[in-house]
>>> print(open('structure-v1.tsv').read())   # TSV, C-alpha atoms
chain	number	residue	atom	x	y	z
A	1	MET	CA	41.35	-18.78	-7.38
A	2	THR	CA	41.34	-16.53	-4.29
A	3	SER	CA	43.03	-18.17	-1.31
A	4	ILE	CA	41.95	-17.28	2.23
A	5	LEU	CA	43.88	-18.17	5.38
A	6	GLY	CA	41.63	-18.42	8.42
A	7	ILE	CA	43.41	-17.50	11.67
A	8	ILE	CA	41.92	-17.79	15.16
A	9	PRO	CA	43.98	-15.62	17.53
A	10	ALA	CA	43.97	-17.07	21.05
A	11	ARG	CA	45.64	-15.20	23.92
A	12	TYR	CA	46.05	-16.97	27.27
A	13	ALA	CA	46.40	-14.14	29.77
A	14	SER	CA	43.11	-12.31	29.33
A	15	THR	CA	42.73	-9.93	32.28
A	16	ARG	CA	38.94	-10.25	32.42
A	17	PHE	CA	38.76	-13.99	31.71
A	18	PRO	CA	42.11	-15.79	32.19
A	19	ALA	CA	42.63	-18.92	30.08
A	20	LYS	CA	39.35	-18.15	28.32
A	21	ALA	CA	40.27	-20.20	25.25
A	22	LEU	CA	40.44	-23.35	27.37
A	23	HIS	CA	37.19	-22.79	29.23
A	24	GLU	CA	34.89	-25.77	28.78
A	25	ILE	CA	31.48	-25.25	27.23
A	26	LYS	CA	29.36	-28.39	27.37
A	27	GLY	CA	32.25	-30.80	27.05
A	28	LYS	CA	34.48	-28.88	24.64
A	29	SER	CA	36.82	-25.96	25.11
A	30	MET	CA	35.90	-22.57	23.72
A	31	ILE	CA	38.76	-22.66	21.20
A	32	GLN	CA	37.75	-26.14	20.00
A	33	ARG	CA	34.19	-24.97	19.41
A	34	VAL	CA	35.42	-21.96	17.41
A	35	TYR	CA	37.78	-24.15	15.40
A	36	GLU	CA	35.21	-26.83	14.60
A	37	GLN	CA	32.64	-24.24	13.53
A	38	ALA	CA	35.13	-22.38	11.32
A	39	ALA	CA	36.33	-25.66	9.79
A	40	GLN	CA	32.85	-26.18	8.33
A	41	SER	CA	33.20	-23.08	6.14
A	42	ASN	CA	33.47	-23.67	2.40
A	43	SER	CA	35.67	-20.62	1.88
A	44	LEU	CA	38.91	-21.13	3.83
A	45	SER	CA	42.00	-22.55	2.15
A	46	LYS	CA	43.61	-23.24	5.52
A	47	LEU	CA	42.62	-22.79	9.18
A	48	ILE	CA	45.02	-22.32	12.08
A	49	VAL	CA	45.03	-21.14	15.70
A	50	ALA	CA	47.65	-18.48	16.50
A	51	THR	CA	48.38	-18.53	20.22
A	52	ASP	CA	50.86	-17.17	22.74
A	53	HIS	CA	50.73	-20.11	25.15
A	54	LYS	CA	51.84	-23.73	24.89
A	55	LYS	CA	48.80	-25.02	26.81
A	56	ILE	CA	46.52	-23.70	24.08
A	57	TYR	CA	48.90	-24.90	21.35
A	58	ASP	CA	49.06	-28.44	22.77
A	59	HIS	CA	45.29	-28.53	23.29
A	60	VAL	CA	44.59	-27.60	19.68
A	61	ILE	CA	46.99	-30.24	18.41
A	62	ASP	CA	45.39	-32.81	20.73
A	63	PHE	CA	41.90	-32.30	19.31
A	64	GLY	CA	43.24	-32.52	15.75
A	65	GLY	CA	43.54	-28.85	14.86
A	66	GLN	CA	46.47	-26.86	13.51
A	67	ALA	CA	48.24	-24.24	15.60
A	68	ILE	CA	51.25	-21.96	15.62
A	69	MET	CA	53.06	-20.18	18.45
A	70	THR	CA	53.25	-16.39	18.38
A	71	SER	CA	54.57	-13.63	20.62
A	72	THR	CA	53.05	-12.75	24.01
A	73	LYS	CA	53.52	-9.03	23.29
A	74	HIS	CA	50.92	-8.40	20.56
A	75	PRO	CA	48.47	-5.60	21.42
A	76	SER	CA	45.72	-7.01	19.17
A	77	GLY	CA	44.53	-10.02	17.23
A	78	THR	CA	45.42	-8.19	14.02
A	79	ASP	CA	49.10	-8.09	15.01
A	80	ARG	CA	48.99	-11.75	15.98
A	81	CYS	CA	47.48	-12.61	12.60
A	82	PHE	CA	50.31	-10.86	10.79
A	83	GLU	CA	52.98	-12.76	12.69
A	84	ALA	CA	51.19	-16.02	11.94
A	85	LEU	CA	50.95	-15.12	8.25
A	86	GLN	CA	54.71	-14.54	8.16
A	87	LYS	CA	55.42	-17.93	9.73
A	88	ILE	CA	53.04	-20.12	7.76
A	89	GLU	CA	54.21	-21.75	4.57
A	90	GLY	CA	52.39	-20.84	1.39
A	91	SER	CA	50.94	-17.72	-0.16
A	92	PHE	CA	47.46	-16.39	0.64
A	93	ASP	CA	45.53	-13.55	-0.95
A	94	TYR	CA	43.58	-12.79	2.22
A	95	VAL	CA	43.72	-13.46	5.94
A	96	MET	CA	40.49	-13.83	7.91
A	97	ASN	CA	40.64	-13.03	11.62
A	98	ILE	CA	38.10	-15.30	13.33
A	99	GLN	CA	37.53	-14.31	16.95
A	100	GLY	CA	38.63	-16.95	19.43
A	101	ASP	CA	35.96	-15.95	21.94
A	102	GLU	CA	32.94	-16.51	19.69
A	103	PRO	CA	32.31	-20.26	20.16
A	104	PHE	CA	28.92	-20.09	18.48
A	105	ILE	CA	30.10	-18.58	15.20
A	106	GLN	CA	28.37	-20.09	12.19
A	107	PRO	CA	30.28	-21.17	9.06
A	108	GLU	CA	27.73	-19.22	7.00
A	109	GLN	CA	29.05	-16.00	8.55
A	110	ILE	CA	32.55	-16.83	7.36
A	111	ASP	CA	31.24	-17.61	3.89
A	112	THR	CA	29.29	-14.34	3.80
A	113	LEU	CA	32.43	-12.36	4.57
A	114	ALA	CA	34.47	-14.37	2.07
A	115	LYS	CA	31.92	-13.67	-0.68
A	116	VAL	CA	32.71	-9.96	-0.39
A	117	LEU	CA	36.33	-10.71	-1.24
A	118	LEU	CA	35.36	-12.85	-4.22
A	119	ASP	CA	32.71	-10.52	-5.63
A	120	ARG	CA	34.79	-7.35	-5.71
A	121	LYS	CA	38.40	-7.44	-6.86
A	122	GLY	CA	41.02	-5.73	-4.74
A	123	VAL	CA	39.07	-5.37	-1.48
A	124	GLU	CA	41.51	-4.06	1.15
A	125	LEU	CA	39.63	-4.91	4.32
A	126	ALA	CA	36.21	-6.36	5.06
A	127	THR	CA	34.05	-7.05	8.08
A	128	LEU	CA	30.57	-8.19	9.13
A	129	ILE	CA	27.65	-6.20	10.52
A	130	LYS	CA	24.14	-7.08	11.70
A	131	LYS	CA	20.99	-5.00	12.01
A	132	ILE	CA	20.18	-3.95	15.57
A	133	GLU	CA	16.77	-5.08	16.77
A	134	ASP	CA	16.57	-3.80	20.36
A	135	GLU	CA	17.30	-0.66	22.39
A	136	GLU	CA	19.55	-2.49	24.84
A	137	THR	CA	22.00	-3.27	22.05
A	138	LEU	CA	21.66	0.16	20.46
A	139	PHE	CA	22.66	2.03	23.61
A	140	ASP	CA	25.20	-0.49	24.93
A	141	PRO	CA	28.73	1.02	24.60
A	142	ASN	CA	30.17	-2.50	24.39
A	143	GLU	CA	28.24	-3.06	21.15
A	144	VAL	CA	30.05	-1.19	18.40
A	145	LYS	CA	27.84	0.57	15.87
A	146	VAL	CA	28.74	1.29	12.24
A	147	VAL	CA	27.54	3.52	9.41
A	148	PHE	CA	28.40	2.88	5.78
A	149	ASP	CA	27.98	4.47	2.34
A	150	ALA	CA	26.10	3.48	-0.80
A	151	GLU	CA	29.07	1.37	-1.95
A	152	MET	CA	28.96	-0.68	1.28
A	153	GLU	CA	32.15	0.89	2.57
A	154	ALA	CA	32.41	1.77	6.26
A	155	ILE	CA	32.27	5.47	7.10
A	156	TYR	CA	32.67	5.26	10.88
A	157	PHE	CA	32.51	2.92	13.87
A	158	SER	CA	31.43	4.08	17.32
A	159	ARG	CA	30.41	2.85	20.74
A	160	HIS	CA	27.71	5.52	20.63
A	161	PRO	CA	24.56	5.05	18.50
A	162	ILE	CA	25.25	6.61	15.11
A	163	PRO	CA	23.72	8.57	13.56
A	164	TYR	CA	22.12	10.81	16.19
A	165	LEU	CA	18.52	11.40	15.12
A	166	HIS	CA	17.84	15.09	15.45
A	167	GLN	CA	14.50	15.99	17.05
A	168	VAL	CA	13.48	12.32	17.38
A	169	PRO	CA	12.93	10.80	20.87
A	170	GLN	CA	15.50	8.07	21.54
A	171	GLU	CA	12.80	5.48	22.13
A	172	GLU	CA	11.78	5.96	18.47
A	173	TRP	CA	15.21	5.72	16.91
A	174	LEU	CA	14.93	2.07	15.92
A	175	GLN	CA	11.58	2.74	14.25
A	176	LYS	CA	12.95	5.71	12.27
A	177	PHE	CA	16.35	4.41	11.16
A	178	ASP	CA	18.15	1.12	10.46
A	179	TYR	CA	21.05	0.80	12.89
A	180	TYR	CA	23.79	-1.81	12.57
A	181	LYS	CA	26.24	-3.35	15.02
A	182	HIS	CA	29.70	-4.61	14.21
A	183	ILE	CA	30.48	-8.32	14.26
A	184	GLY	CA	34.19	-8.45	15.07
A	185	MET	CA	35.45	-10.68	12.30
A	186	TYR	CA	37.87	-9.15	9.78
A	187	ALA	CA	39.32	-10.08	6.42
A	188	TYR	CA	42.56	-8.40	5.39
A	189	ARG	CA	44.26	-8.45	2.00
A	190	SER	CA	47.66	-9.89	2.85
A	191	ASP	CA	49.68	-6.86	1.74
A	192	VAL	CA	47.27	-4.52	3.56
A	193	LEU	CA	47.59	-6.56	6.77
A	194	GLU	CA	51.31	-5.84	6.76
A	195	LYS	CA	50.71	-2.11	6.19
A	196	ILE	CA	48.13	-1.60	8.93
A	197	THR	CA	50.28	-3.32	11.56
A	198	GLN	CA	52.95	-0.67	10.93
A	199	LEU	CA	50.61	2.25	11.67
A	200	GLU	CA	50.82	4.27	14.87
A	201	PRO	CA	47.69	4.44	17.07
A	202	SER	CA	45.41	7.23	15.84
A	203	ASN	CA	43.39	9.89	17.66
A	204	LEU	CA	39.99	8.38	16.85
A	205	GLU	CA	41.19	4.90	17.74
A	206	GLN	CA	42.35	6.07	21.15
A	207	ALA	CA	39.15	8.04	21.74
A	208	GLU	CA	36.80	5.12	20.97
A	209	GLY	CA	39.10	2.21	21.77
A	210	LEU	CA	38.55	0.74	18.29
A	211	GLU	CA	41.51	-0.31	16.13
A	212	GLN	CA	39.54	-0.17	12.86
A	213	LEU	CA	39.35	3.61	13.18
A	214	ARG	CA	43.13	3.70	12.75
A	215	TRP	CA	42.70	2.09	9.36
A	216	LEU	CA	39.97	4.50	8.27
A	217	GLU	CA	41.98	7.51	9.45
A	218	ASN	CA	44.88	6.33	7.30
A	219	GLY	CA	42.78	6.04	4.15
A	220	PHE	CA	42.09	2.30	3.98
A	221	ASN	CA	38.67	1.10	2.85
A	222	ILE	CA	36.65	-1.37	4.91
A	223	ARG	CA	34.06	-3.26	2.89
A	224	ILE	CA	30.86	-4.25	4.72
A	225	ALA	CA	28.94	-7.53	4.55
A	226	ILE	CA	25.56	-7.91	6.28
A	227	THR	CA	24.65	-11.06	8.17
A	228	ASP	CA	21.30	-12.03	9.69
A	229	ILE	CA	22.94	-14.47	12.10
A	230	GLU	CA	23.37	-13.35	15.70
A	231	SER	CA	26.86	-13.48	17.16
A	232	TYR	CA	27.75	-13.96	20.82
A	233	CYS	CA	31.13	-12.86	22.12
A	234	ILE	CA	32.33	-14.19	25.49
A	235	ASP	CA	34.31	-11.38	27.12
A	236	ILE	CA	33.84	-12.29	30.79
A	237	PRO	CA	32.61	-15.41	32.63
A	238	GLU	CA	29.28	-13.71	33.36
A	239	ASP	CA	28.53	-13.59	29.63
A	240	LEU	CA	27.93	-17.33	29.76
A	241	GLU	CA	24.98	-16.64	32.07
A	242	HIS	CA	23.21	-14.39	29.58
A	243	PRO	CA	19.77	-15.95	28.83
A	244	ALA	CA	20.31	-16.00	25.05
A	245	ILE	CA	23.72	-17.63	25.42
A	246	LYS	CA	22.44	-20.18	27.94
A	247	ASP	CA	19.69	-21.14	25.51
A	248	PHE	CA	22.24	-21.54	22.73
A	249	ILE	CA	24.44	-23.73	24.91
A	250	LYS	CA	21.50	-26.02	25.68
A	251	GLY	CA	21.25	-26.84	21.99
A	252	LEU	CA	24.93	-27.74	21.58
A	253	LYS	CA	26.01	-31.31	20.98
>>> encode(input="structure-v1.tsv", output="structure tokens")
Amino acid sequence: MTSILGIIPARYASTRFPAKALHEIKGKSMIQRVYEQAAQSNSLSKLIVATDHKKIYDHVIDFGGQAIMTSTKHPSGTDRCFEALQKIEGSFDYVMNIQGDEPFIQPEQIDTLAKVLLDRKGVELATLIKKIEDEETLFDPNEVKVVFDAEMEAIYFSRHPIPYLHQVPQEEWLQKFDYYKHIGMYAYRSDVLEKITQLEPSNLEQAEGLEQLRWLENGFNIRIAITDIESYCIDIPEDLEHPAIKDFIKGLK
């Protein structure tokens, strides 16, 4: 049976939203909401928060979750996941990186990504995408777009809309082509996670500011799973004032 370790990386000193993981959303911290949502998944063998700060660690333990301390020097959640994997007892086939700033993640999204690992033997890396429905998202450089091949393997990720539709007005692009945005949740085969954390930053990665391009440039395959569920990432405090997010918060218990 395939075993999947779910890890929620949680960094304390975010420059754009300090102590974001501990920010309260309708009576519960952001990290607690992520943890409780992920814990409802049917696919994870174990779930743990990997943090660099004792306040987050103690908070997770207090609400009944599991946590582990990791270095303050990691440049990405991927690196933090690898350190956590090394420290946790037991053997896992895959590690799933569940974003600590997506408090409204649905367990069905985790199960959708896990199904990719179960359906196709030997998957190296996998991630989620969702069809883009509006021009604001399509042309927003903070929303990462992705194109993929007939085998559902990623070809490229970009902050720019891809592909460019030649001789088609931009206002018609969504009517002429199916565009997809990236949902930033990853699954790594455990041995591949070790390999990709040893890679040097690549040219495309530095150009776009996207770590997954480093993996593609070095020949790793990223399997794609499509979700219909919207995902809301909280990067800055102002994100909580977005109308769609405010509506979602109203429905929380």
>>> residues_around(input="structure-v1.tsv", residues="region 55-70 of chain A", least_positions_apart="3", cutoff="8 Å", atoms="all atoms listed in the file", output="VMD selection string")
chain A and resid 10 12 21 to 22 31 to 32 35 47 to 52 80 83 to 84
>>> closest_atom_pairs(input="structure-v1.tsv", of="region 77-187 of chain A", to="region 203-224 of chain A", cutoff="6 Å", atoms="all atoms listed in the file", output="JSON lines")
{"residue": "A:Leu125", "atom": "CA", "partner": "A:Ile222", "partner_atom": "CA", "distance": 4.7}
{"residue": "A:Ala126", "atom": "CA", "partner": "A:Arg223", "partner_atom": "CA", "distance": 4.4}
{"residue": "A:Thr127", "atom": "CA", "partner": "A:Ile224", "partner_atom": "CA", "distance": 5.4}
{"residue": "A:Leu128", "atom": "CA", "partner": "A:Ile224", "partner_atom": "CA", "distance": 5.9}
{"residue": "A:Met152", "atom": "CA", "partner": "A:Ile224", "partner_atom": "CA", "distance": 5.3}
{"residue": "A:Glu153", "atom": "CA", "partner": "A:Arg223", "partner_atom": "CA", "distance": 4.6}
{"residue": "A:Ala154", "atom": "CA", "partner": "A:Ile222", "partner_atom": "CA", "distance": 5.4}
>>> atom_distance(input="structure-v1.tsv", atom1="CA of Ile183 (chain A)", atom2="CA of Val144 (chain A)")
8.3 Å
>>> atom_distance(input="structure-v1.tsv", atom1="CA of Ile98 (chain A)", atom2="CA of Ala244 (chain A)")
21.3 Å
>>> closest_residue(input="structure-v1.tsv", among="A:Glu151, A:Glu143, A:Glu135, A:Glu89", to="Ala225 (chain A)", atoms="all atoms listed in the file")
A:Glu151
>>> closest_residue(input="structure-v1.tsv", among="A:His166, A:Lys181, A:Lys46, A:Arg189", to="Glu133 (chain A)", atoms="only C-alpha atoms")
A:Lys181
>>> closest_residue(input="structure-v1.tsv", among="A:Pro169, A:Pro18, A:Gly122, A:Pro75", to="Asp101 (chain A)", atoms="only C-alpha atoms")
A:Pro18
>>> residues_near_point(input="structure-v1.tsv", point="(37.3, -17.8, -1.8)", cutoff="10 Å", atoms="only C-alpha atoms", output="PDB file with C-alpha atoms, in the frame of the given file")
ATOM      1  CA  MET A   1      41.350 -18.780  -7.380  1.00  0.00           C
ATOM      2  CA  THR A   2      41.340 -16.530  -4.290  1.00  0.00           C
ATOM      3  CA  SER A   3      43.030 -18.170  -1.310  1.00  0.00           C
ATOM      4  CA  ILE A   4      41.950 -17.280   2.230  1.00  0.00           C
ATOM      5  CA  LEU A   5      43.880 -18.170   5.380  1.00  0.00           C
ATOM      6  CA  ASN A  42      33.470 -23.670   2.400  1.00  0.00           C
ATOM      7  CA  SER A  43      35.670 -20.620   1.880  1.00  0.00           C
ATOM      8  CA  LEU A  44      38.910 -21.130   3.830  1.00  0.00           C
ATOM      9  CA  SER A  45      42.000 -22.550   2.150  1.00  0.00           C
ATOM     10  CA  ASP A  93      45.530 -13.550  -0.950  1.00  0.00           C
ATOM     11  CA  TYR A  94      43.580 -12.790   2.220  1.00  0.00           C
ATOM     12  CA  ASP A 111      31.240 -17.610   3.890  1.00  0.00           C
ATOM     13  CA  LEU A 113      32.430 -12.360   4.570  1.00  0.00           C
ATOM     14  CA  ALA A 114      34.470 -14.370   2.070  1.00  0.00           C
ATOM     15  CA  LYS A 115      31.920 -13.670  -0.680  1.00  0.00           C
ATOM     16  CA  VAL A 116      32.710  -9.960  -0.390  1.00  0.00           C
ATOM     17  CA  LEU A 117      36.330 -10.710  -1.240  1.00  0.00           C
ATOM     18  CA  LEU A 118      35.360 -12.850  -4.220  1.00  0.00           C
ATOM     19  CA  ASP A 119      32.710 -10.520  -5.630  1.00  0.00           C
TER      20      ASP A 119
END
>>> atom_distance(input="structure-v1.tsv", atom1="CA of His160 (chain A)", atom2="CA of Val192 (chain A)")
27.8 Å
>>> closest_residue(input="structure-v1.tsv", among="A:Ile249, A:Cys81, A:Ala39, A:Cys233", to="Ile196 (chain A)", atoms="all atoms listed in the file")
A:Cys81
>>> closest_residue(input="structure-v1.tsv", among="A:Gly251, A:Gly27, A:Pro243, A:Pro9", to="Asp79 (chain A)", atoms="only C-alpha atoms")
A:Pro9
>>> residues_around(input="structure-v1.tsv", residues="Pro107 (chain A)", least_positions_apart="3", cutoff="6 Å", atoms="only C-alpha atoms", output="ChimeraX atom specification")
/A:37-38,40-41,110
>>> closest_residue(input="structure-v1.tsv", among="A:Ser76, A:Thr112, A:Thr227, A:Gln86", to="Asp191 (chain A)", atoms="only C-alpha atoms")
A:Gln86
>>> residues_around(input="structure-v1.tsv", residues="Val146 (chain A)", least_positions_apart="4", cutoff="9 Å", atoms="all atoms listed in the file", output="VMD selection string")
chain A and resid 129 154 to 159 161 to 163 179 to 182
